Amino acid sequence: MKNILNTQELPFCKGCGHDLIAKSTAAALEKSGCSPLDIILVTDIGCHGIIDTSFNTHTIHGLHGRSVSLGVGISLGLNNSDKKVIVFTGDGGATIGLQHIMEAARLNINMTIVIHNNMLYGMTGGQTSGLTPQGFNTTTAPSGNTFEQYDICGLAHTAGASYISRILGIGNIADKLAEAINTNGCSVVEVIELCPGYGMKLNPKRKLAEILESSGKSEGIWTNNRLPFAVDIKEEPTSLLKNLKAIEIIDKPQLKSSYTVLLSGSAGEGVQTAANILAITAVSSGYHVTQKGSYPVTVGVGFSTAEIIISPNEILYHGMTIPDIAIITSQDGLNHSKKRINLMNNGILMIDSSLSAPQTGARVYNIDFRSIGVKSASMFSLFYFSEISKILPHAAIFKAIEQHGDAHKIPLDKIKEIFRFDVL
Ligand code: SF4
């Protein structure tokens, strides 16, 4: 059987407690006879999460504190006790996502949560977390944390997890982890460890056992005699793709090679909708297409950028560095994409006439995209794209708009009218 770990050189600082946890978890899984492809490892934000590529299993990297909720979804979705869902989280992530741990415990979801409790946020500089014991020094509490930490094991036990343990991250902990992993239901293991980068430096000469004891906690195992949450599937699951409308292919590809298109404007100005319509147009014209959007977390503020690849051949990677064609409809879009435009040695730049074109080797077209109204500027730009690049015909864009769910928001009559006079 393939090893669970693909290397013994793990990416942590020398002496980091995460090293022991990762190796012991792998040993516990191997000892339990688990095949790597039956294991789904979900990691959280934090140093422990850089382990992803060292595991030969399925791995998923979650947002801070959300790894447990991802694990719950995976466990329920798989609904297969032969699969092992293991969630790694730090003490910071465990505190941020405390409610997710409580729900997993309360519902007794079939999964194992391994809390890497080094008593501070290691990755971000040694700050106090909700699991930092009272008196433990951190960079944000250099004279010792004044608050008592959460009793995460007590909380998980009260919430109803089948198996909970607190162990010191010293010596051989594989058997203890195996016990948790082989529990039917939710198991939570809190491993107390030290971060040499911050914890050891700020708390010199302190030993793990003494830190645990002086925090008023102890190693131990707690159980609840409960059955795991059972998913009762009465009907065959419906594919999410079932309700998607198939795009009708109305043409054969005319291009011999692929084109990368960058559409960049402001959030709330229809950039992603325009990109989607461009993608539909290209698919209906017989091409392979990828579409990728990016915009700030705060919706409706700042830039909105879309990358589309149009190719007569299968596309194996959706990434793009320097576009063949860049369409810039606003200052936000220009600010976000300026560096890439600078790097264009050829190709086409279509930029709103209110903006100054940055230095570029691309052929520049200044066009008043925003004259149609800011919310339709990106959509409007597609017709200029069609006209100038000749990659896709107008008629196919109009047809794609008709197929699109947001077609009613697009001032088609106005676009047709303006276009007829200005460009055609
Ligand atoms: S900073 Fe601390 S937690 Fe992070 S890898 Fe280094 S020792 Fe481990």
# chains A, B, ... in the order shown; residues from 1 in each chain; ligands from 1

$ residues_around --residues "Ser258 of chain A" --least-positions-apart "5" --cutoff "8 Å" --atoms "only C-alpha atoms" --output "list in words"
Ile309, Ile310, Ser311, Pro312 and Asn313 of chain A

$ residues_near_ligand --ligand "ligand 1" --cutoff "10 Å" --atoms "only C-alpha atoms and all ligand atoms" --output "short mmCIF file (atom, residue, chain, number, x, y, z; two decimals) with N, CA and C atoms, in the first residue's frame"
data_model
loop_
_atom_site.label_atom_id
_atom_site.label_comp_id
_atom_site.auth_asym_id
_atom_site.auth_seq_id
_atom_site.Cartn_x
_atom_site.Cartn_y
_atom_site.Cartn_z
N LEU A 10 9.16 17.35 6.60
CA LEU A 10 7.95 18.16 6.63
C LEU A 10 8.31 19.66 6.71
N PRO A 11 7.39 20.50 6.22
CA PRO A 11 7.77 21.92 6.02
C PRO A 11 7.67 22.81 7.25
N PHE A 12 7.92 22.26 8.43
CA PHE A 12 7.78 23.08 9.64
C PHE A 12 9.14 23.51 10.18
N CYS A 13 9.15 24.51 11.07
CA CYS A 13 10.39 24.90 11.74
C CYS A 13 10.89 23.69 12.53
N LYS A 14 12.18 23.65 12.74
CA LYS A 14 12.78 22.55 13.49
C LYS A 14 12.16 22.49 14.90
N GLY A 15 11.73 21.30 15.27
CA GLY A 15 11.19 21.12 16.63
C GLY A 15 9.72 21.46 16.77
N CYS A 16 9.09 21.85 15.68
CA CYS A 16 7.66 22.23 15.75
C CYS A 16 6.82 20.98 16.08
N GLY A 17 5.86 21.16 16.99
CA GLY A 17 4.99 20.04 17.39
C GLY A 17 4.12 19.53 16.25
N HIS A 18 3.92 20.34 15.22
CA HIS A 18 3.09 19.89 14.09
C HIS A 18 3.71 18.69 13.39
N ASP A 19 5.03 18.62 13.42
CA ASP A 19 5.74 17.53 12.75
C ASP A 19 5.31 16.19 13.34
N GLY A 46 -3.12 28.31 8.95
CA GLY A 46 -2.16 28.20 10.04
C GLY A 46 -0.99 27.35 9.57
N CYS A 47 0.08 27.31 10.36
CA CYS A 47 1.27 26.56 9.93
C CYS A 47 0.94 25.10 9.65
N HIS A 48 0.06 24.48 10.43
CA HIS A 48 -0.23 23.05 10.21
C HIS A 48 -0.71 22.82 8.78
N GLY A 49 -1.35 23.85 8.18
CA GLY A 49 -1.98 23.71 6.87
C GLY A 49 -0.99 23.58 5.72
N ILE A 50 0.29 23.91 5.97
CA ILE A 50 1.26 23.79 4.87
C ILE A 50 1.66 22.33 4.65
N GLY A 90 -5.70 24.53 13.87
CA GLY A 90 -4.85 25.03 14.96
C GLY A 90 -5.73 25.51 16.10
N HIS A 116 -4.37 21.21 16.71
CA HIS A 116 -2.94 21.43 16.96
C HIS A 116 -2.83 22.61 17.92
N ASN A 117 -2.88 22.32 19.21
CA ASN A 117 -2.91 23.42 20.18
C ASN A 117 -1.50 23.77 20.68
N ASN A 118 -0.86 24.70 19.95
CA ASN A 118 0.44 25.19 20.44
C ASN A 118 0.27 26.49 21.21
N MET A 119 -1.00 26.78 21.50
CA MET A 119 -1.35 27.83 22.48
C MET A 119 -1.14 29.26 21.98
N LEU A 120 -0.93 29.40 20.68
CA LEU A 120 -0.85 30.74 20.09
C LEU A 120 -0.97 30.64 18.56
N TYR A 121 -1.12 31.78 17.93
CA TYR A 121 -1.16 31.82 16.47
C TYR A 121 0.29 31.82 15.97
N GLY A 122 0.78 30.66 15.51
CA GLY A 122 2.18 30.57 15.09
C GLY A 122 2.44 31.28 13.78
N MET A 123 1.55 31.08 12.81
CA MET A 123 1.82 31.59 11.46
C MET A 123 1.84 33.11 11.39
N THR A 124 1.04 33.75 12.23
CA THR A 124 0.91 35.21 12.09
C THR A 124 1.73 35.99 13.11
N GLY A 125 2.54 35.29 13.92
CA GLY A 125 3.44 36.04 14.78
C GLY A 125 3.30 35.81 16.27
N GLY A 126 2.64 34.74 16.68
CA GLY A 126 2.65 34.38 18.10
C GLY A 126 1.60 35.07 18.96
N GLU A 193 1.00 21.14 22.26
CA GLU A 193 2.36 21.14 21.71
C GLU A 193 2.95 22.54 21.82
N LEU A 194 4.20 22.68 21.41
CA LEU A 194 4.84 23.99 21.50
C LEU A 194 5.36 24.45 20.15
N CYS A 195 5.29 25.75 19.94
CA CYS A 195 5.83 26.36 18.73
C CYS A 195 7.22 26.91 19.09
N PRO A 196 8.30 26.31 18.56
CA PRO A 196 9.63 26.82 18.89
C PRO A 196 9.82 28.26 18.44
N GLY A 197 9.14 28.63 17.34
CA GLY A 197 9.29 29.98 16.80
C GLY A 197 8.88 31.05 17.79
N TYR A 198 7.80 30.84 18.53
CA TYR A 198 7.29 31.86 19.46
C TYR A 198 7.09 31.31 20.87
N GLY A 199 6.35 30.22 20.98
CA GLY A 199 5.97 29.70 22.31
C GLY A 199 7.18 29.39 23.18
N MET A 200 8.19 28.71 22.59
CA MET A 200 9.36 28.35 23.39
C MET A 200 10.19 29.57 23.74
#

$ select_by_dssp --residues "segment 116-210 of chain A" --states "strand (DSSP E or B)" --output "list in words"
His116, Asn117, Tyr121, Gln127, Tyr163, Ile164, Ser165, Arg166, Ile167, Leu168, Cys186, Ser187, Val188, Val189, Glu190, Val191 and Ile192 of chain A

$ select_by_dssp --residues "segment 24-268 of chain A" --states "helix (DSSP H, G or I)" --output "count of residues only"
81

$ atom_distance --atom1 "atom CA of Thr305 of chain A" --atom2 "atom CA of Ser337 of chain A"
8.3 Å

$ residues_around --residues "Lys31 of chain A" --least-positions-apart "6" --cutoff "12 Å" --atoms "only C-alpha atoms" --output "MDAnalysis selection string"
chainID A and resid 1 3:4 24:25 174:179 181:182

$ write_last_selection --atoms "N, CA and C atoms" --output "PDB file, in the first residue's frame"
ATOM      1  N   MET A   1       0.840  -1.202   0.000  1.00  0.00           N
ATOM      2  CA  MET A   1       0.000   0.000   0.000  1.00  0.00           C
ATOM      3  C   MET A   1       0.885   1.267   0.000  1.00  0.00           C
ATOM      4  N   ASN A   3       2.407   4.788   0.961  1.00  0.00           N
ATOM      5  CA  ASN A   3       2.510   5.480   2.245  1.00  0.00           C
ATOM      6  C   ASN A   3       1.559   6.668   2.281  1.00  0.00           C
ATOM      7  N   ILE A   4       1.128   6.994   3.483  1.00  0.00           N
ATOM      8  CA  ILE A   4       0.235   8.160   3.621  1.00  0.00           C
ATOM      9  C   ILE A   4       1.034   9.448   3.403  1.00  0.00           C
ATOM     10  N   SER A  24       2.433  11.208  13.165  1.00  0.00           N
ATOM     11  CA  SER A  24       1.662  10.260  13.979  1.00  0.00           C
ATOM     12  C   SER A  24       0.297   9.996  13.355  1.00  0.00           C
ATOM     13  N   THR A  25      -0.300  11.020  12.763  1.00  0.00           N
ATOM     14  CA  THR A  25      -1.593  10.819  12.101  1.00  0.00           C
ATOM     15  C   THR A  25      -1.410   9.856  10.932  1.00  0.00           C
ATOM     16  N   ALA A 174       0.745   7.982  18.012  1.00  0.00           N
ATOM     17  CA  ALA A 174       0.006   7.368  16.898  1.00  0.00           C
ATOM     18  C   ALA A 174      -1.142   6.498  17.393  1.00  0.00           C
ATOM     19  N   ASP A 175      -0.902   5.707  18.460  1.00  0.00           N
ATOM     20  CA  ASP A 175      -1.965   4.819  18.948  1.00  0.00           C
ATOM     21  C   ASP A 175      -3.153   5.624  19.464  1.00  0.00           C
ATOM     22  N   LYS A 176      -2.840   6.732  20.135  1.00  0.00           N
ATOM     23  CA  LYS A 176      -3.924   7.563  20.679  1.00  0.00           C
ATOM     24  C   LYS A 176      -4.739   8.183  19.543  1.00  0.00           C
ATOM     25  N   LEU A 177      -4.046   8.584  18.484  1.00  0.00           N
ATOM     26  CA  LEU A 177      -4.763   9.151  17.331  1.00  0.00           C
ATOM     27  C   LEU A 177      -5.559   8.062  16.621  1.00  0.00           C
ATOM     28  N   ALA A 178      -4.998   6.847  16.559  1.00  0.00           N
ATOM     29  CA  ALA A 178      -5.700   5.746  15.892  1.00  0.00           C
ATOM     30  C   ALA A 178      -7.023   5.446  16.598  1.00  0.00           C
ATOM     31  N   GLU A 179      -7.007   5.547  17.918  1.00  0.00           N
ATOM     32  CA  GLU A 179      -8.231   5.288  18.683  1.00  0.00           C
ATOM     33  C   GLU A 179      -9.329   6.271  18.264  1.00  0.00           C
ATOM     34  N   ILE A 181      -9.415   8.006  15.399  1.00  0.00           N
ATOM     35  CA  ILE A 181      -9.734   7.813  13.977  1.00  0.00           C
ATOM     36  C   ILE A 181     -10.674   6.624  13.777  1.00  0.00           C
ATOM     37  N   ASN A 182     -10.551   5.621  14.606  1.00  0.00           N
ATOM     38  CA  ASN A 182     -11.382   4.423  14.445  1.00  0.00           C
ATOM     39  C   ASN A 182     -12.681   4.478  15.248  1.00  0.00           C
TER      40      ASN A 182
END

$ closest_residue --among "A:Tyr287, A:Phe303, A:Phe385, A:Tyr163" --to "Ala326 of chain A" --atoms "only C-alpha atoms"
A:Phe385

$ residues_around --residues "Val231 of chain A" --least-positions-apart "2" --cutoff "8 Å" --atoms "only C-alpha atoms" --output "PyMOL selection string"
chain A and resi 76+79+229+233

$ write_last_selection --atoms "C-alpha atoms" --output "JSON list (two decimals), in the first residue's frame"
[["chain", "number", "residue", "atom", "x", "y", "z"],
["A", 76, "LEU", "CA", -22.28, 13.80, 5.07],
["A", 79, "ASN", "CA", -22.00, 8.99, 3.72],
["A", 229, "PHE", "CA", -25.34, 11.03, 12.54],
["A", 233, "ILE", "CA", -30.96, 8.85, 1.53]]

$ closest_residue --among "A:Gly220, A:Ser386, A:Asn145, A:Glu210" --to "Ile164 of chain A" --atoms "only C-alpha atoms"
A:Gly220

$ residues_around --residues "Thr329 of chain A" --least-positions-apart "3" --cutoff "9 Å" --atoms "only C-alpha atoms" --output "number ranges by chain"
A: 263-266, 271, 332-334, 350-353, 355, 367-370, 374, 377-378, 381

$ closest_atom_pairs --of "segment 343-385 of chain A" --to "segment 277-283 of chain A" --cutoff "10 Å" --atoms "only C-alpha atoms" --output "Markdown table"
| residue | atom | partner | partner_atom | distance |
| --- | --- | --- | --- | --- |
| A:Met379 | CA | A:Ile277 | CA | 8.3 |
| A:Leu382 | CA | A:Leu278 | CA | 7.2 |
| A:Phe383 | CA | A:Leu278 | CA | 9.9 |
| A:Phe385 | CA | A:Leu278 | CA | 9.8 |

$ residues_around --residues "Leu168 of chain A" --least-positions-apart "4" --cutoff "9 Å" --atoms "only C-alpha atoms" --output "list in words"
Ile173, Glu190, Val191, Ile192, Glu193, Leu208, Ala209, Leu212 and Glu219 of chain A

$ residues_around --residues "Ser376 of chain A" --least-positions-apart "5" --cutoff "8 Å" --atoms "only C-alpha atoms" --output "list in words"
Glu269, Gly270, Arg370, Ile410 and Pro411 of chain A

$ atom_distance --atom1 "atom CA of Met102 of chain A" --atom2 "atom CA of Ser165 of chain A"
15.0 Å

$ atom_distance --atom1 "atom CA of Ile60 of chain A" --atom2 "atom CA of Ala94 of chain A"
16.8 Å

$ closest_residue --among "A:Gln291, A:Thr260, A:Gly286, A:Ala161" --to "Asn108 of chain A" --atoms "only C-alpha atoms"
A:Ala161

$ decode --residues "segment 343-390 of chain A" --atoms "C-alpha atoms" --output "PDB file, in the first residue's frame"
ATOM      1  CA  LEU A 343       4.012  43.348 -20.063  1.00  0.00           C
ATOM      2  CA  MET A 344       2.042  42.993 -23.310  1.00  0.00           C
ATOM      3  CA  ASN A 345       4.495  43.045 -26.214  1.00  0.00           C
ATOM      4  CA  ASN A 346       1.751  42.761 -28.786  1.00  0.00           C
ATOM      5  CA  GLY A 347      -1.949  41.996 -28.854  1.00  0.00           C
ATOM      6  CA  ILE A 348      -4.796  44.432 -28.387  1.00  0.00           C
ATOM      7  CA  LEU A 349      -5.677  46.865 -25.616  1.00  0.00           C
ATOM      8  CA  MET A 350      -9.165  48.354 -25.688  1.00  0.00           C
ATOM      9  CA  ILE A 351      -9.450  51.016 -23.019  1.00  0.00           C
ATOM     10  CA  ASP A 352     -12.167  53.431 -22.027  1.00  0.00           C
ATOM     11  CA  SER A 353     -11.494  56.845 -23.566  1.00  0.00           C
ATOM     12  CA  SER A 354     -11.660  58.530 -20.145  1.00  0.00           C
ATOM     13  CA  LEU A 355      -8.435  56.715 -19.175  1.00  0.00           C
ATOM     14  CA  SER A 356      -4.816  57.124 -20.235  1.00  0.00           C
ATOM     15  CA  ALA A 357      -3.396  53.955 -21.722  1.00  0.00           C
ATOM     16  CA  PRO A 358      -0.415  52.713 -19.737  1.00  0.00           C
ATOM     17  CA  GLN A 359       2.868  51.825 -21.378  1.00  0.00           C
ATOM     18  CA  THR A 360       2.341  48.727 -23.483  1.00  0.00           C
ATOM     19  CA  GLY A 361       3.409  46.983 -26.674  1.00  0.00           C
ATOM     20  CA  ALA A 362      -0.227  46.243 -27.504  1.00  0.00           C
ATOM     21  CA  ARG A 363      -2.164  48.059 -30.216  1.00  0.00           C
ATOM     22  CA  VAL A 364      -4.323  50.561 -28.325  1.00  0.00           C
ATOM     23  CA  TYR A 365      -7.962  51.424 -29.059  1.00  0.00           C
ATOM     24  CA  ASN A 366      -9.590  54.218 -27.038  1.00  0.00           C
ATOM     25  CA  ILE A 367     -13.321  53.616 -26.885  1.00  0.00           C
ATOM     26  CA  ASP A 368     -16.074  55.336 -24.919  1.00  0.00           C
ATOM     27  CA  PHE A 369     -17.387  52.172 -23.274  1.00  0.00           C
ATOM     28  CA  ARG A 370     -19.034  54.061 -20.453  1.00  0.00           C
ATOM     29  CA  SER A 371     -21.247  56.194 -22.696  1.00  0.00           C
ATOM     30  CA  ILE A 372     -23.879  53.443 -22.583  1.00  0.00           C
ATOM     31  CA  GLY A 373     -24.081  53.687 -18.789  1.00  0.00           C
ATOM     32  CA  VAL A 374     -21.550  52.322 -16.334  1.00  0.00           C
ATOM     33  CA  LYS A 375     -23.529  49.181 -15.561  1.00  0.00           C
ATOM     34  CA  SER A 376     -23.456  48.095 -19.202  1.00  0.00           C
ATOM     35  CA  ALA A 377     -19.943  49.253 -20.096  1.00  0.00           C
ATOM     36  CA  SER A 378     -18.445  45.757 -19.976  1.00  0.00           C
ATOM     37  CA  MET A 379     -21.237  44.245 -22.008  1.00  0.00           C
ATOM     38  CA  PHE A 380     -20.894  47.030 -24.526  1.00  0.00           C
ATOM     39  CA  SER A 381     -17.183  46.311 -24.801  1.00  0.00           C
ATOM     40  CA  LEU A 382     -17.913  42.789 -26.084  1.00  0.00           C
ATOM     41  CA  PHE A 383     -19.235  44.188 -29.326  1.00  0.00           C
ATOM     42  CA  TYR A 384     -16.069  46.209 -29.859  1.00  0.00           C
ATOM     43  CA  PHE A 385     -14.118  43.092 -28.997  1.00  0.00           C
ATOM     44  CA  SER A 386     -16.030  41.263 -31.733  1.00  0.00           C
ATOM     45  CA  GLU A 387     -15.536  44.086 -34.198  1.00  0.00           C
ATOM     46  CA  ILE A 388     -11.812  44.598 -33.618  1.00  0.00           C
ATOM     47  CA  SER A 389     -10.575  41.078 -32.900  1.00  0.00           C
ATOM     48  CA  LYS A 390     -12.890  39.266 -35.327  1.00  0.00           C
TER      49      LYS A 390
END
